[in-house]
Structure formats: structure tokens, C-alpha cells
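K.L.:
This structure is in C-alpha cells; I'll ask about it shortly.
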Amino acid sequence: MRFAPSPTGFLHVGSARTALFNWIYARSVGGRMLLRIEDTDEARNQPEAVDLIYDLLTWLGIDWDEEPVFQSERRERHREAVESLLASGAAYLCDADNRPVAGTALRPGLATRFRMPAGRTVSFDDVVRGEVSFASDDLEDFVVWRSGGTATFLLANAVDDVDMGVTDAIRGEDLLSGVPKVILLLEALGVEPPVYAHLPLLVNAARKKLSKRRDDVSLGDYRARGYLPEAMANHLALLGWGPADDVEIRPMAEIVEQFRLADVNRAPAFFDTKKLEHFNGVYIRALSTGEFLRRSAPWLGERASWPPERTRPEVLEALAPVVQEKVRTLGDIGRYVDWLFLADPPEDADSWKKAMGSEQAPALLDDAIATYATADWTPEAAHAAALALAERHGLKLGKAQAPIRVALTGHTVGPPLFESMVLLDRAEVLRRLRNARTRLDLEPAG
Ligand code: GLU
């Protein structure tokens, strides 16, 4: 089992799914998980990108059993393999115009092509796809060594798998068509290929192949937005596989226990961002409050505009359970609580317009100022006072509280209002209500 990413400074969710399936399989059968960095493309290869791969795999809970192998350090071995193909006549040299050149010694300016045997049917058993066959007559004499003196992907990948003792290679379906070439190549080198399992394509809601341009496909971006690794790994594990009992949200240990590589299906797998968000909400709600706050810390700290004297931990702790019920990502937390810590509620023009645009908004705010000047400072009393206020204006609570919520929090959507408003001092609540009321006179929203 191995994961063989190219370090491009970006880890595609599809690659993460491949890594995870290799890891789950390795752990489920007691095999070894190997990591190979396919860093032979010098233009794209960057050391930080390798660290990002380690970092993101570790974040997902994937570990590996040996020192990672760097493909760039295996150039001599790749050259040796090409030379042996040349020596046996399985490959030939060719010039820039693709004309065969006699000889068996690699030279700058000459590429090497594998000599495709005529009339062969190449078949192999893919664990996912079943028996796959290709006619060698449909395949070209492919390049194994470039004129610039480097091995091609097919050659390096095939030789490295064999040298690393890879028994099972789980990878993306896009690589399936290269397999017959690899099989012939390894046959010419006198070695056995690994067992292949090609995972189904990932598609978006429109059933189109995930694309970097259209879809959110960067694993690192999901992490940055506050997805929990448990939720992400759980969702990725279901892309092409499902447990027999259909219980989808479950600990990785159970997935490892239930996983059978032969149960992976061929149908394109829907990378469902809505489902992922739902999973994430479930995992967030399962955290203890302390753990929720600890994990949210990076997103709170990020809001550097907060005056430190206002970020009172006790307020955050009081609010954490109600926010935890609501957020879908840890990154949402700032939007839910920032109003408590900022000197003034955050500016949100849409919310202002929506809540303050009604004819009743000024009267509602006037009443709220009077009401909250004297109401008891508990969530229950604040709630009861708002109910009475709504009744006085002939409105449902939701409508009546909208201008109050926006005056205090800036947004029409947020944590439960009465639980959270009493976390501010009464004086601060009144100040914000009055500010909103004055602003309504100066710049009516309607
Ligand atoms: N290096 C390839 C990639 O990043 C994967 C190769 C393989 O799994 O065989 O797509």
C-alpha cells in the first residue's frame, strides 16, 4: 500500500482520498503503508510542498511505516532500468524527429521509447474494475527516457513500485489507461507488477469530474476553513466505499475494521460538500465544550482586530455551547461571537437593510431601549421582555427581535439572542440600541 503524490504545493481532495484508502487498507489487513514523493518535475517541485503533504496527511490521521522515498534520488536506478531495456532490445533510442537511432547507450539529445510488441492482449485483474484488457496494437511506442536525460512518469513509477516492494497500488481511475504499458514494461524487466485497485472518479453535484477551477478541491483550504479532520476523513472514506450496515458517520477505527477493498465500487463518487458540512456539524457538536474552544482558538486569534481587553474568556466559555450547536465549521465561530468583543457591532449592510428597513423598526428600537433599561439581566427575563414587546407591536417574536439582534450583533443570523445578549453589560446593550436608533434617523434603511 502506498501513496505517491507529486509535491505541487496543493493536495487535491482526490489525492487525499487515494492516500486514505491505501492507509485504511494497509491498517485493515495489517500491511505496511509507504509514501513516495514523486518529485522529478523540477519546475514544480518545492520543498515546502513536501512538508505540506506530510502535514495534511498527518492532520487526516494518516501515518506511514517507513521513511518516505524521494523519486528524485533514484535517477541512477531509473537510468539503469532504461539501459537494461535498451540492452535487451525492449526499447530503442530515437532522435528529435522520432527516428530510431542505432545503439544502446543513453546520450543527451536522444530519447528512449519502449518497443510495443505487436498483437498482444494485455489483461490484468483490477480489484475494483475486474478484468481489464487492452490490445497492444492500440498502444504507441511510449517514451521511457526523455532526451533531456530524465525518466518519464510511467518508467519511474513502475520501477519504484517494484523496488519498494509495493504489493498493492490503490490509485485514481485516471491512471488506469497507463497500466498495460507498465505491465509490458515490467515484463520486459522480468519483474511482477503490484496488484492494482483504481478508485472511482470524484464528481461534483452536476456529476462532472471535480475541477480545480469550478470546485473546492484543496484539502488545505478545507482545513483553513475549520473542517475537522475526523469529519473530512470520514467523508473521504465513503467516496467509493460504504459500510454494510449503512452507518456512515463513525470512528475511523470502525471503518478500518469494516473495510474490504473488494467492496469498493466503480460508480463515480459524489464529493458532496453539503454532506461534508453536515458531517462536520455532527463532529463539532460531539466535542466537549473545552475541546471545541481549544480547536476554535486559531480562528478566534485570527481576528486580530479584537481589542485584547474585550476578548474575555469567560464570555466565550459562556457562549461556546450555544455556538457549538450552530456552527458548521470552526471558521464560522468568529461570525457568531465577534460582536461580543468588538467595540461596535460589525458592519453588515445586508443585515442592516433587512432588519431596519421596516416601518416599525424605529418604534421597536425605542421600546427595546425602554424595556432593557429595567428588565432583569437573565436570558429568561430578556426573552420574556421581548415576547411582551412583540405583542405590544402585534408582531411575532422573530420579526420583533430582528432590529434588536442587528443593533447588537450586526447580523440577522447568529447565536441564540437572549442567552448571548446578557453576556454584554446592560450599559453596552443600551448604548448599541441607541446607536442603531440614531443611525436609523440619520440614514433610514427603508
Ligand atoms: N504521482 C501520481 C499522482 O500524483 C500518483 C501515482 C500513483 O498513484 O501511481 O497523481
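In the C-alpha cells, chains take letters A, B, ... by order of appearance, with residues numbered from 1 within each chain and ligands from 1 in the order shown.
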List the spatial neighbours of Gly414 (chain A) as a ChimeraX atom specification - criterion: any atom at most 12 Å away, only C-alpha atoms, same-chain residues fewer than 2 positions off excluded.
P.N.:
/A:319,322-327,332-340,351,402,405-406,408-412,416-421
K.L.:
Dump C-alpha atoms for the selected residues as a PDB file, in the first residue's frame?
P.N.:
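Okay, part-v6.pdb is ready:
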ATOM      1  CA  LEU A 319     -21.314  31.286  24.724  1.00  0.00           C
ATOM      2  CA  VAL A 322     -24.791  27.657  22.069  1.00  0.00           C
ATOM      3  CA  VAL A 323     -22.380  28.494  19.276  1.00  0.00           C
ATOM      4  CA  GLN A 324     -21.259  24.894  19.099  1.00  0.00           C
ATOM      5  CA  GLU A 325     -24.848  23.905  18.330  1.00  0.00           C
ATOM      6  CA  LYS A 326     -24.953  26.235  15.368  1.00  0.00           C
ATOM      7  CA  VAL A 327     -21.633  26.364  13.528  1.00  0.00           C
ATOM      8  CA  ASP A 332     -17.816  30.207  11.462  1.00  0.00           C
ATOM      9  CA  ILE A 333     -17.193  30.878  15.111  1.00  0.00           C
ATOM     10  CA  GLY A 334     -15.854  34.375  14.568  1.00  0.00           C
ATOM     11  CA  ARG A 335     -19.023  35.487  12.829  1.00  0.00           C
ATOM     12  CA  TYR A 336     -21.089  34.200  15.725  1.00  0.00           C
ATOM     13  CA  VAL A 337     -19.167  35.786  18.551  1.00  0.00           C
ATOM     14  CA  ASP A 338     -17.215  38.757  17.203  1.00  0.00           C
ATOM     15  CA  TRP A 339     -19.931  41.262  18.155  1.00  0.00           C
ATOM     16  CA  LEU A 340     -19.337  40.436  21.802  1.00  0.00           C
ATOM     17  CA  SER A 351     -28.479  42.560   7.574  1.00  0.00           C
ATOM     18  CA  ALA A 402     -34.667  41.321  14.210  1.00  0.00           C
ATOM     19  CA  ARG A 405     -30.389  41.481  17.003  1.00  0.00           C
ATOM     20  CA  VAL A 406     -28.890  43.612  14.248  1.00  0.00           C
ATOM     21  CA  LEU A 408     -26.459  44.348  18.993  1.00  0.00           C
ATOM     22  CA  THR A 409     -24.716  41.810  16.777  1.00  0.00           C
ATOM     23  CA  GLY A 410     -24.642  43.405  13.328  1.00  0.00           C
ATOM     24  CA  HIS A 411     -26.103  40.293  11.701  1.00  0.00           C
ATOM     25  CA  THR A 412     -29.596  38.888  11.192  1.00  0.00           C
ATOM     26  CA  PRO A 416     -29.481  32.496  20.390  1.00  0.00           C
ATOM     27  CA  LEU A 417     -30.054  36.182  21.127  1.00  0.00           C
ATOM     28  CA  PHE A 418     -31.210  36.198  24.734  1.00  0.00           C
ATOM     29  CA  GLU A 419     -28.584  33.780  26.005  1.00  0.00           C
ATOM     30  CA  SER A 420     -25.893  35.832  24.380  1.00  0.00           C
ATOM     31  CA  MET A 421     -27.074  39.433  24.811  1.00  0.00           C
TER      32      MET A 421
END
K.L.:
Identify all residues of region 62-198 of chain A in helix (DSSP H, G or I) (DSSP on the backbone) and supply them as a PyMOL selection string.
P.N.:
chain A and resi 71-88+136-138+153-163+173-189
K.L.:
Got time to write the residues from that selection, N, CA and C atoms, as a short mmCIF file (atom, residue, chain, number, x, y, z; two decimals), in the first residue's frame?
P.N.:
data_model
loop_
_atom_site.label_atom_id
_atom_site.label_comp_id
_atom_site.auth_asym_id
_atom_site.auth_seq_id
_atom_site.Cartn_x
_atom_site.Cartn_y
_atom_site.Cartn_z
N GLN A 71 11.59 10.22 -5.21
CA GLN A 71 11.86 9.73 -6.55
C GLN A 71 13.08 10.43 -7.17
N SER A 72 13.27 11.69 -6.82
CA SER A 72 14.40 12.44 -7.40
C SER A 72 15.75 11.82 -7.01
N GLU A 73 15.78 11.05 -5.93
CA GLU A 73 17.05 10.44 -5.51
C GLU A 73 17.30 9.10 -6.19
N ARG A 74 16.40 8.71 -7.07
CA ARG A 74 16.51 7.39 -7.67
C ARG A 74 16.84 7.44 -9.16
N ARG A 75 17.39 8.60 -9.58
CA ARG A 75 17.67 8.79 -11.01
C ARG A 75 18.55 7.70 -11.59
N GLU A 76 19.59 7.34 -10.83
CA GLU A 76 20.53 6.34 -11.35
C GLU A 76 19.84 4.99 -11.56
N ARG A 77 18.98 4.67 -10.64
CA ARG A 77 18.24 3.41 -10.74
C ARG A 77 17.31 3.43 -11.97
N HIS A 78 16.70 4.56 -12.23
CA HIS A 78 15.83 4.68 -13.41
C HIS A 78 16.66 4.55 -14.70
N ARG A 79 17.82 5.18 -14.69
CA ARG A 79 18.71 5.10 -15.86
C ARG A 79 19.11 3.65 -16.12
N GLU A 80 19.45 2.97 -15.01
CA GLU A 80 19.84 1.56 -15.10
C GLU A 80 18.72 0.71 -15.75
N ALA A 81 17.49 0.99 -15.33
CA ALA A 81 16.35 0.22 -15.86
C ALA A 81 16.20 0.48 -17.36
N VAL A 82 16.35 1.74 -17.75
CA VAL A 82 16.22 2.08 -19.18
C VAL A 82 17.36 1.42 -19.96
N GLU A 83 18.57 1.46 -19.40
CA GLU A 83 19.70 0.84 -20.09
C GLU A 83 19.48 -0.67 -20.28
N SER A 84 18.85 -1.28 -19.28
CA SER A 84 18.64 -2.72 -19.43
C SER A 84 17.57 -3.01 -20.49
N LEU A 85 16.58 -2.11 -20.59
CA LEU A 85 15.58 -2.27 -21.66
C LEU A 85 16.24 -2.10 -23.03
N LEU A 86 17.18 -1.14 -23.11
CA LEU A 86 17.88 -0.93 -24.38
C LEU A 86 18.74 -2.15 -24.72
N ALA A 87 19.41 -2.67 -23.70
CA ALA A 87 20.31 -3.80 -23.93
C ALA A 87 19.55 -5.03 -24.43
N SER A 88 18.34 -5.23 -23.92
CA SER A 88 17.60 -6.43 -24.32
C SER A 88 16.82 -6.21 -25.62
N SER A 136 -2.37 -4.43 -27.45
CA SER A 136 -1.09 -3.71 -27.59
C SER A 136 -1.04 -2.93 -28.91
N ASP A 137 -1.82 -3.38 -29.89
CA ASP A 137 -1.81 -2.67 -31.18
C ASP A 137 -2.43 -1.27 -31.07
N ASP A 138 -3.19 -1.06 -30.00
CA ASP A 138 -3.76 0.28 -29.78
C ASP A 138 -2.82 1.20 -29.02
N PHE A 153 7.25 9.55 -16.17
CA PHE A 153 6.42 9.12 -15.04
C PHE A 153 6.21 7.61 -15.03
N LEU A 154 5.81 7.05 -16.18
CA LEU A 154 5.49 5.62 -16.24
C LEU A 154 6.66 4.76 -15.80
N LEU A 155 7.83 5.09 -16.33
CA LEU A 155 9.02 4.28 -16.02
C LEU A 155 9.37 4.40 -14.54
N ALA A 156 9.46 5.64 -14.06
CA ALA A 156 9.90 5.85 -12.68
C ALA A 156 8.89 5.24 -11.71
N ASN A 157 7.63 5.47 -11.97
CA ASN A 157 6.57 4.98 -11.10
C ASN A 157 6.57 3.44 -11.03
N ALA A 158 6.74 2.81 -12.20
CA ALA A 158 6.71 1.35 -12.26
C ALA A 158 7.93 0.75 -11.55
N VAL A 159 9.10 1.29 -11.85
CA VAL A 159 10.34 0.76 -11.25
C VAL A 159 10.34 0.97 -9.74
N ASP A 160 9.88 2.14 -9.31
CA ASP A 160 9.89 2.44 -7.87
C ASP A 160 8.93 1.52 -7.11
N ASP A 161 7.76 1.28 -7.69
CA ASP A 161 6.82 0.38 -7.02
C ASP A 161 7.47 -0.98 -6.79
N VAL A 162 8.12 -1.49 -7.81
CA VAL A 162 8.74 -2.82 -7.68
C VAL A 162 9.87 -2.77 -6.65
N ASP A 163 10.73 -1.76 -6.75
CA ASP A 163 11.88 -1.69 -5.84
C ASP A 163 11.45 -1.49 -4.39
N GLU A 173 -8.64 6.57 -10.85
CA GLU A 173 -9.04 5.96 -12.10
C GLU A 173 -8.33 6.56 -13.32
N ASP A 174 -7.94 7.82 -13.21
CA ASP A 174 -7.27 8.49 -14.34
C ASP A 174 -5.97 7.79 -14.72
N LEU A 175 -5.44 6.96 -13.82
CA LEU A 175 -4.16 6.31 -14.13
C LEU A 175 -4.34 4.91 -14.74
N LEU A 176 -5.60 4.49 -14.86
CA LEU A 176 -5.88 3.12 -15.33
C LEU A 176 -5.29 2.82 -16.71
N SER A 177 -5.43 3.80 -17.61
CA SER A 177 -5.02 3.52 -19.00
C SER A 177 -3.52 3.33 -19.15
N GLY A 178 -2.75 3.75 -18.15
CA GLY A 178 -1.30 3.57 -18.24
C GLY A 178 -0.85 2.17 -17.82
N VAL A 179 -1.75 1.43 -17.18
CA VAL A 179 -1.35 0.15 -16.59
C VAL A 179 -0.84 -0.87 -17.62
N PRO A 180 -1.51 -1.05 -18.79
CA PRO A 180 -0.97 -2.04 -19.73
C PRO A 180 0.47 -1.73 -20.13
N LYS A 181 0.78 -0.45 -20.26
CA LYS A 181 2.17 -0.09 -20.59
C LYS A 181 3.11 -0.51 -19.47
N VAL A 182 2.67 -0.27 -18.24
CA VAL A 182 3.51 -0.62 -17.09
C VAL A 182 3.71 -2.13 -17.04
N ILE A 183 2.64 -2.87 -17.32
CA ILE A 183 2.74 -4.33 -17.25
C ILE A 183 3.75 -4.85 -18.28
N LEU A 184 3.68 -4.31 -19.50
CA LEU A 184 4.63 -4.74 -20.53
C LEU A 184 6.07 -4.34 -20.17
N LEU A 185 6.17 -3.15 -19.63
CA LEU A 185 7.48 -2.64 -19.21
C LEU A 185 8.10 -3.55 -18.15
N LEU A 186 7.31 -3.88 -17.14
CA LEU A 186 7.83 -4.70 -16.05
C LEU A 186 8.11 -6.13 -16.53
N GLU A 187 7.28 -6.58 -17.45
CA GLU A 187 7.50 -7.91 -18.02
C GLU A 187 8.87 -7.93 -18.72
N ALA A 188 9.16 -6.87 -19.46
CA ALA A 188 10.45 -6.79 -20.16
C ALA A 188 11.61 -6.72 -19.17
N LEU A 189 11.34 -6.18 -17.99
CA LEU A 189 12.39 -6.10 -16.97
C LEU A 189 12.42 -7.37 -16.13
#
K.L.:
What's the separation between CA of Thr18 (chain A) and CA of Gly172 (chain A), in Å to one decimal place?
P.N.:
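Distance between the two atoms: 6.7 Å.
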K.L.:
So, counting only C-alpha atoms and all ligand atoms, which residue among A:Ala382, A:Ala407, A:Leu11, A:Leu395 is closest to ligand 1?
P.N.:
A:Leu11
K.L.:
Please identify all protein, DNA and RNA residues within 8 Å of ligand 1, counting only C-alpha atoms and all ligand atoms, and report them as a PDB file with N, CA and C atoms, in the first residue's frame.
P.N.:
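What follows is the written file pocket38.pdb:
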ATOM      1  N   ARG A   2       0.608   2.127  -0.910  1.00  0.00           N
ATOM      2  CA  ARG A   2       1.464   3.311  -0.952  1.00  0.00           C
ATOM      3  C   ARG A   2       0.717   4.484  -1.526  1.00  0.00           C
ATOM      4  N   PHE A   3       1.198   5.640  -1.117  1.00  0.00           N
ATOM      5  CA  PHE A   3       0.678   6.878  -1.657  1.00  0.00           C
ATOM      6  C   PHE A   3       1.855   7.555  -2.339  1.00  0.00           C
ATOM      7  N   ALA A   4       1.630   7.994  -3.577  1.00  0.00           N
ATOM      8  CA  ALA A   4       2.750   8.517  -4.366  1.00  0.00           C
ATOM      9  C   ALA A   4       2.422   9.892  -4.948  1.00  0.00           C
ATOM     10  N   PRO A   5       2.310  10.901  -4.091  1.00  0.00           N
ATOM     11  CA  PRO A   5       1.907  12.219  -4.583  1.00  0.00           C
ATOM     12  C   PRO A   5       3.053  12.999  -5.227  1.00  0.00           C
ATOM     13  N   SER A   6       2.682  13.923  -6.091  1.00  0.00           N
ATOM     14  CA  SER A   6       3.651  14.870  -6.629  1.00  0.00           C
ATOM     15  C   SER A   6       3.522  16.142  -5.797  1.00  0.00           C
ATOM     16  N   PRO A   7       4.633  16.676  -5.292  1.00  0.00           N
ATOM     17  CA  PRO A   7       4.537  17.841  -4.406  1.00  0.00           C
ATOM     18  C   PRO A   7       4.359  19.140  -5.176  1.00  0.00           C
ATOM     19  N   SER A  15      -6.604  13.168  -4.199  1.00  0.00           N
ATOM     20  CA  SER A  15      -5.351  12.543  -3.756  1.00  0.00           C
ATOM     21  C   SER A  15      -5.455  12.141  -2.298  1.00  0.00           C
ATOM     22  N   THR A  18      -7.243   8.948  -2.136  1.00  0.00           N
ATOM     23  CA  THR A  18      -6.343   7.854  -2.501  1.00  0.00           C
ATOM     24  C   THR A  18      -5.431   7.479  -1.336  1.00  0.00           C
ATOM     25  N   ILE A  37       7.492  10.323  -2.648  1.00  0.00           N
ATOM     26  CA  ILE A  37       7.296  11.675  -3.156  1.00  0.00           C
ATOM     27  C   ILE A  37       7.773  11.696  -4.603  1.00  0.00           C
ATOM     28  N   GLU A  38       6.857  11.917  -5.532  1.00  0.00           N
ATOM     29  CA  GLU A  38       7.197  11.882  -6.959  1.00  0.00           C
ATOM     30  C   GLU A  38       7.591  13.289  -7.408  1.00  0.00           C
ATOM     31  N   PHE A 153       7.255   9.546 -16.167  1.00  0.00           N
ATOM     32  CA  PHE A 153       6.423   9.123 -15.043  1.00  0.00           C
ATOM     33  C   PHE A 153       6.206   7.614 -15.031  1.00  0.00           C
ATOM     34  N   ASN A 157       7.628   5.467 -11.974  1.00  0.00           N
ATOM     35  CA  ASN A 157       6.567   4.977 -11.100  1.00  0.00           C
ATOM     36  C   ASN A 157       6.575   3.441 -11.031  1.00  0.00           C
ATOM     37  N   ALA A 169      -1.333  -1.337  -5.169  1.00  0.00           N
ATOM     38  CA  ALA A 169      -1.315   0.082  -5.514  1.00  0.00           C
ATOM     39  C   ALA A 169      -2.752   0.539  -5.730  1.00  0.00           C
ATOM     40  N   ILE A 170      -3.231   1.341  -4.767  1.00  0.00           N
ATOM     41  CA  ILE A 170      -4.576   1.893  -4.875  1.00  0.00           C
ATOM     42  C   ILE A 170      -4.401   3.320  -5.388  1.00  0.00           C
ATOM     43  N   ARG A 171      -5.047   3.658  -6.474  1.00  0.00           N
ATOM     44  CA  ARG A 171      -4.831   4.981  -7.084  1.00  0.00           C
ATOM     45  C   ARG A 171      -6.041   5.424  -7.857  1.00  0.00           C
ATOM     46  N   GLY A 172      -5.983   6.618  -8.404  1.00  0.00           N
ATOM     47  CA  GLY A 172      -7.122   7.206  -9.097  1.00  0.00           C
ATOM     48  C   GLY A 172      -7.368   6.568 -10.457  1.00  0.00           C
ATOM     49  N   LEU A 175      -5.438   6.965 -13.822  1.00  0.00           N
ATOM     50  CA  LEU A 175      -4.161   6.305 -14.128  1.00  0.00           C
ATOM     51  C   LEU A 175      -4.342   4.915 -14.740  1.00  0.00           C
TER      52      LEU A 175
END
K.L.:
Near Gly242 (chain A), counting only C-alpha atoms, which residues have an atom at most 9 Å away, once you skip same-chain residues fewer than 6 positions from it, shown as number ranges by chain?
P.N.:
A: 248, 255, 259, 263-264
K.L.:
Could you write out the selected residues, including N, CA and C atoms, as a PDB file, in the first residue's frame?
P.N.:
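Just written: out.pdb:
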ATOM      1  N   GLU A 248     -23.026   5.738   8.342  1.00  0.00           N
ATOM      2  CA  GLU A 248     -21.961   6.474   7.655  1.00  0.00           C
ATOM      3  C   GLU A 248     -21.042   7.247   8.579  1.00  0.00           C
ATOM      4  N   ILE A 255     -14.259   2.008  10.628  1.00  0.00           N
ATOM      5  CA  ILE A 255     -14.156   1.952   9.166  1.00  0.00           C
ATOM      6  C   ILE A 255     -13.051   0.970   8.774  1.00  0.00           C
ATOM      7  N   PHE A 259     -13.721  -2.259   6.476  1.00  0.00           N
ATOM      8  CA  PHE A 259     -13.320  -2.024   5.088  1.00  0.00           C
ATOM      9  C   PHE A 259     -12.889  -3.305   4.367  1.00  0.00           C
ATOM     10  N   ASP A 263     -14.920  -4.442  -1.888  1.00  0.00           N
ATOM     11  CA  ASP A 263     -16.243  -3.808  -1.867  1.00  0.00           C
ATOM     12  C   ASP A 263     -16.241  -2.406  -2.481  1.00  0.00           C
ATOM     13  N   VAL A 264     -15.076  -1.909  -2.841  1.00  0.00           N
ATOM     14  CA  VAL A 264     -15.033  -0.577  -3.462  1.00  0.00           C
ATOM     15  C   VAL A 264     -15.761  -0.676  -4.800  1.00  0.00           C
TER      16      VAL A 264
END
K.L.:
Between CA of Ala363 (chain A) and CA of Leu423 (chain A), what is the distance, to one decimal in Å?
P.N.:
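Calculated distance between CA of Ala363 (chain A) and CA of Leu423 (chain A) is 24.7 Å.
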K.L.:
Identify, on the basis of only C-alpha atoms, every residue whose closest approach to Arg295 (chain A) does not exceed 12 Å; exclude the query and any residue fewer than 3 positions from it along the same chain; express the result as a VMD selection string.
P.N.:
chain A and resid 223 226 to 229 284 287 to 292 298 to 301 320 324 329 to 331 333
K.L.:
List the neighbours of Ala381 (chain A) out to 12 Å using only C-alpha atoms; skip same-chain residues closer than 6 positions along the sequence, and give me the result as a ChimeraX atom specification.
P.N.:
/A:371-372,374-375,387-388,418-419,421-422
K.L.:
Excluding Leu60 (chain A) and its own-chain neighbours fewer than 3 positions away, which residues fall within 7 Å of it when counting only C-alpha atoms? Please give them as a PyMOL selection string.
P.N.:
chain A and resi 56-57+229-230+233
K.L.:
Within 12 Å of Gln258 (chain A), counting only C-alpha atoms, which residues show up once you throw out same-chain ones fewer than 5 positions away? Write them as number ranges by chain, please.
P.N.:
A: 24-25, 27-29, 237-238, 241-248, 250-253, 263-264
K.L.:
Given the selection you just returned, output its residues as a file containing C-alpha atoms, formatted as a short mmCIF file (atom, residue, chain, number, x, y, z; two decimals), in the first residue's frame.
P.N.:
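Ended up saving to result_5.cif:
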data_model
loop_
_atom_site.label_atom_id
_atom_site.label_comp_id
_atom_site.auth_asym_id
_atom_site.auth_seq_id
_atom_site.Cartn_x
_atom_site.Cartn_y
_atom_site.Cartn_z
CA ILE A 24 -7.25 2.13 5.58
CA TYR A 25 -6.45 -0.94 3.51
CA ARG A 27 -4.33 -0.96 8.53
CA SER A 28 -7.23 -3.33 7.83
CA VAL A 29 -5.02 -6.16 6.56
CA ALA A 237 -13.65 7.15 3.29
CA LEU A 238 -17.18 6.94 1.87
CA TRP A 241 -16.97 2.56 -0.38
CA GLY A 242 -19.72 2.16 2.21
CA PRO A 243 -20.15 0.01 5.31
CA ALA A 244 -22.54 -2.93 5.08
CA ASP A 245 -24.77 -1.55 7.84
CA ASP A 246 -25.05 1.88 6.13
CA VAL A 247 -23.99 3.73 9.27
CA GLU A 248 -21.96 6.47 7.66
CA ARG A 250 -18.45 6.54 12.58
CA PRO A 251 -14.94 6.46 14.01
CA MET A 252 -12.07 5.60 11.69
CA ALA A 253 -11.26 2.51 13.77
CA ASP A 263 -16.24 -3.81 -1.87
CA VAL A 264 -15.03 -0.58 -3.46
#
K.L.:
Looking at only C-alpha atoms, which of A:Asp141, A:Arg129, A:Asp350, A:Ala16 is the one that sits closest to Pro100 (chain A)?
P.N.:
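Under the stated criterion, the closest residue is A:Asp141.
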K.L.:
How would you write, as a PyMOL selection string, the set of residues in region 151-193 of chain A that DSSP gives as strand (DSSP E)?
P.N.:
chain A and resi 168-172
K.L.:
Any chance you can output those residues with all heavy atoms as a compact mmCIF listing (two decimals), in the first residue's frame?
P.N.:
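Result file result_12.txt:
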# COMPACT_ATOMS: atom_id res chain seq x y z
N ASP A 168 0.38 -3.73 -3.34
CA ASP A 168 -0.93 -3.24 -3.75
C ASP A 168 -0.84 -1.74 -4.01
O ASP A 168 -0.34 -1.00 -3.16
CB ASP A 168 -1.96 -3.45 -2.64
CG ASP A 168 -2.06 -4.90 -2.20
OD1 ASP A 168 -1.11 -5.35 -1.50
OD2 ASP A 168 -3.03 -5.56 -2.56
N ALA A 169 -1.33 -1.34 -5.17
CA ALA A 169 -1.31 0.08 -5.51
C ALA A 169 -2.75 0.54 -5.73
O ALA A 169 -3.40 0.15 -6.69
CB ALA A 169 -0.47 0.32 -6.77
N ILE A 170 -3.23 1.34 -4.77
CA ILE A 170 -4.58 1.89 -4.87
C ILE A 170 -4.40 3.32 -5.39
O ILE A 170 -3.63 4.08 -4.82
CB ILE A 170 -5.27 1.88 -3.50
CG1 ILE A 170 -5.31 0.44 -2.95
CG2 ILE A 170 -6.66 2.48 -3.59
CD1 ILE A 170 -5.82 0.33 -1.52
N ARG A 171 -5.05 3.66 -6.47
CA ARG A 171 -4.83 4.98 -7.08
C ARG A 171 -6.04 5.42 -7.86
O ARG A 171 -7.03 4.70 -7.94
CB ARG A 171 -3.60 4.92 -7.99
CG ARG A 171 -3.74 3.80 -9.01
CD ARG A 171 -2.46 3.07 -9.29
NE ARG A 171 -1.41 3.79 -9.95
CZ ARG A 171 -1.11 3.68 -11.26
NH1 ARG A 171 -1.85 2.95 -12.07
NH2 ARG A 171 -0.08 4.31 -11.76
N GLY A 172 -5.98 6.62 -8.40
CA GLY A 172 -7.12 7.21 -9.10
C GLY A 172 -7.37 6.57 -10.46
O GLY A 172 -6.45 6.07 -11.11
K.L.:
Select, from A:Asp125, A:Asp366, A:Asp95, A:Asp272, the residue with the minimum atom-to-atom distance to Ala111 (chain A), counting only C-alpha atoms.
P.N.:
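Checking each candidate against Ala111 (chain A), we get A:Asp95 as the closest.
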K.L.:
To one decimal in Å, tell me the separation between CA of Phe134 (chain A) and CA of Arg36 (chain A).
P.N.:
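Here the two named atoms are 27.7 Å from each other.
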K.L.:
Just checking: using only C-alpha atoms, which residue out of A:Val256, A:Leu201, A:Leu239, A:Ala231 ends up closest to Glu277 (chain A)?
P.N.:
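Under the stated criterion, the closest residue is A:Ala231.
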K.L.:
Give the answer as one residue: which of A:Ala105, A:Ala361, A:Ala90, A:Ala436 has the shortest atom-to-atom distance to Ala390 (chain A), using only C-alpha atoms?
P.N.:
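Comparing A:Ala105, A:Ala361, A:Ala90, A:Ala436 against Ala390 (chain A), the winner is A:Ala361.
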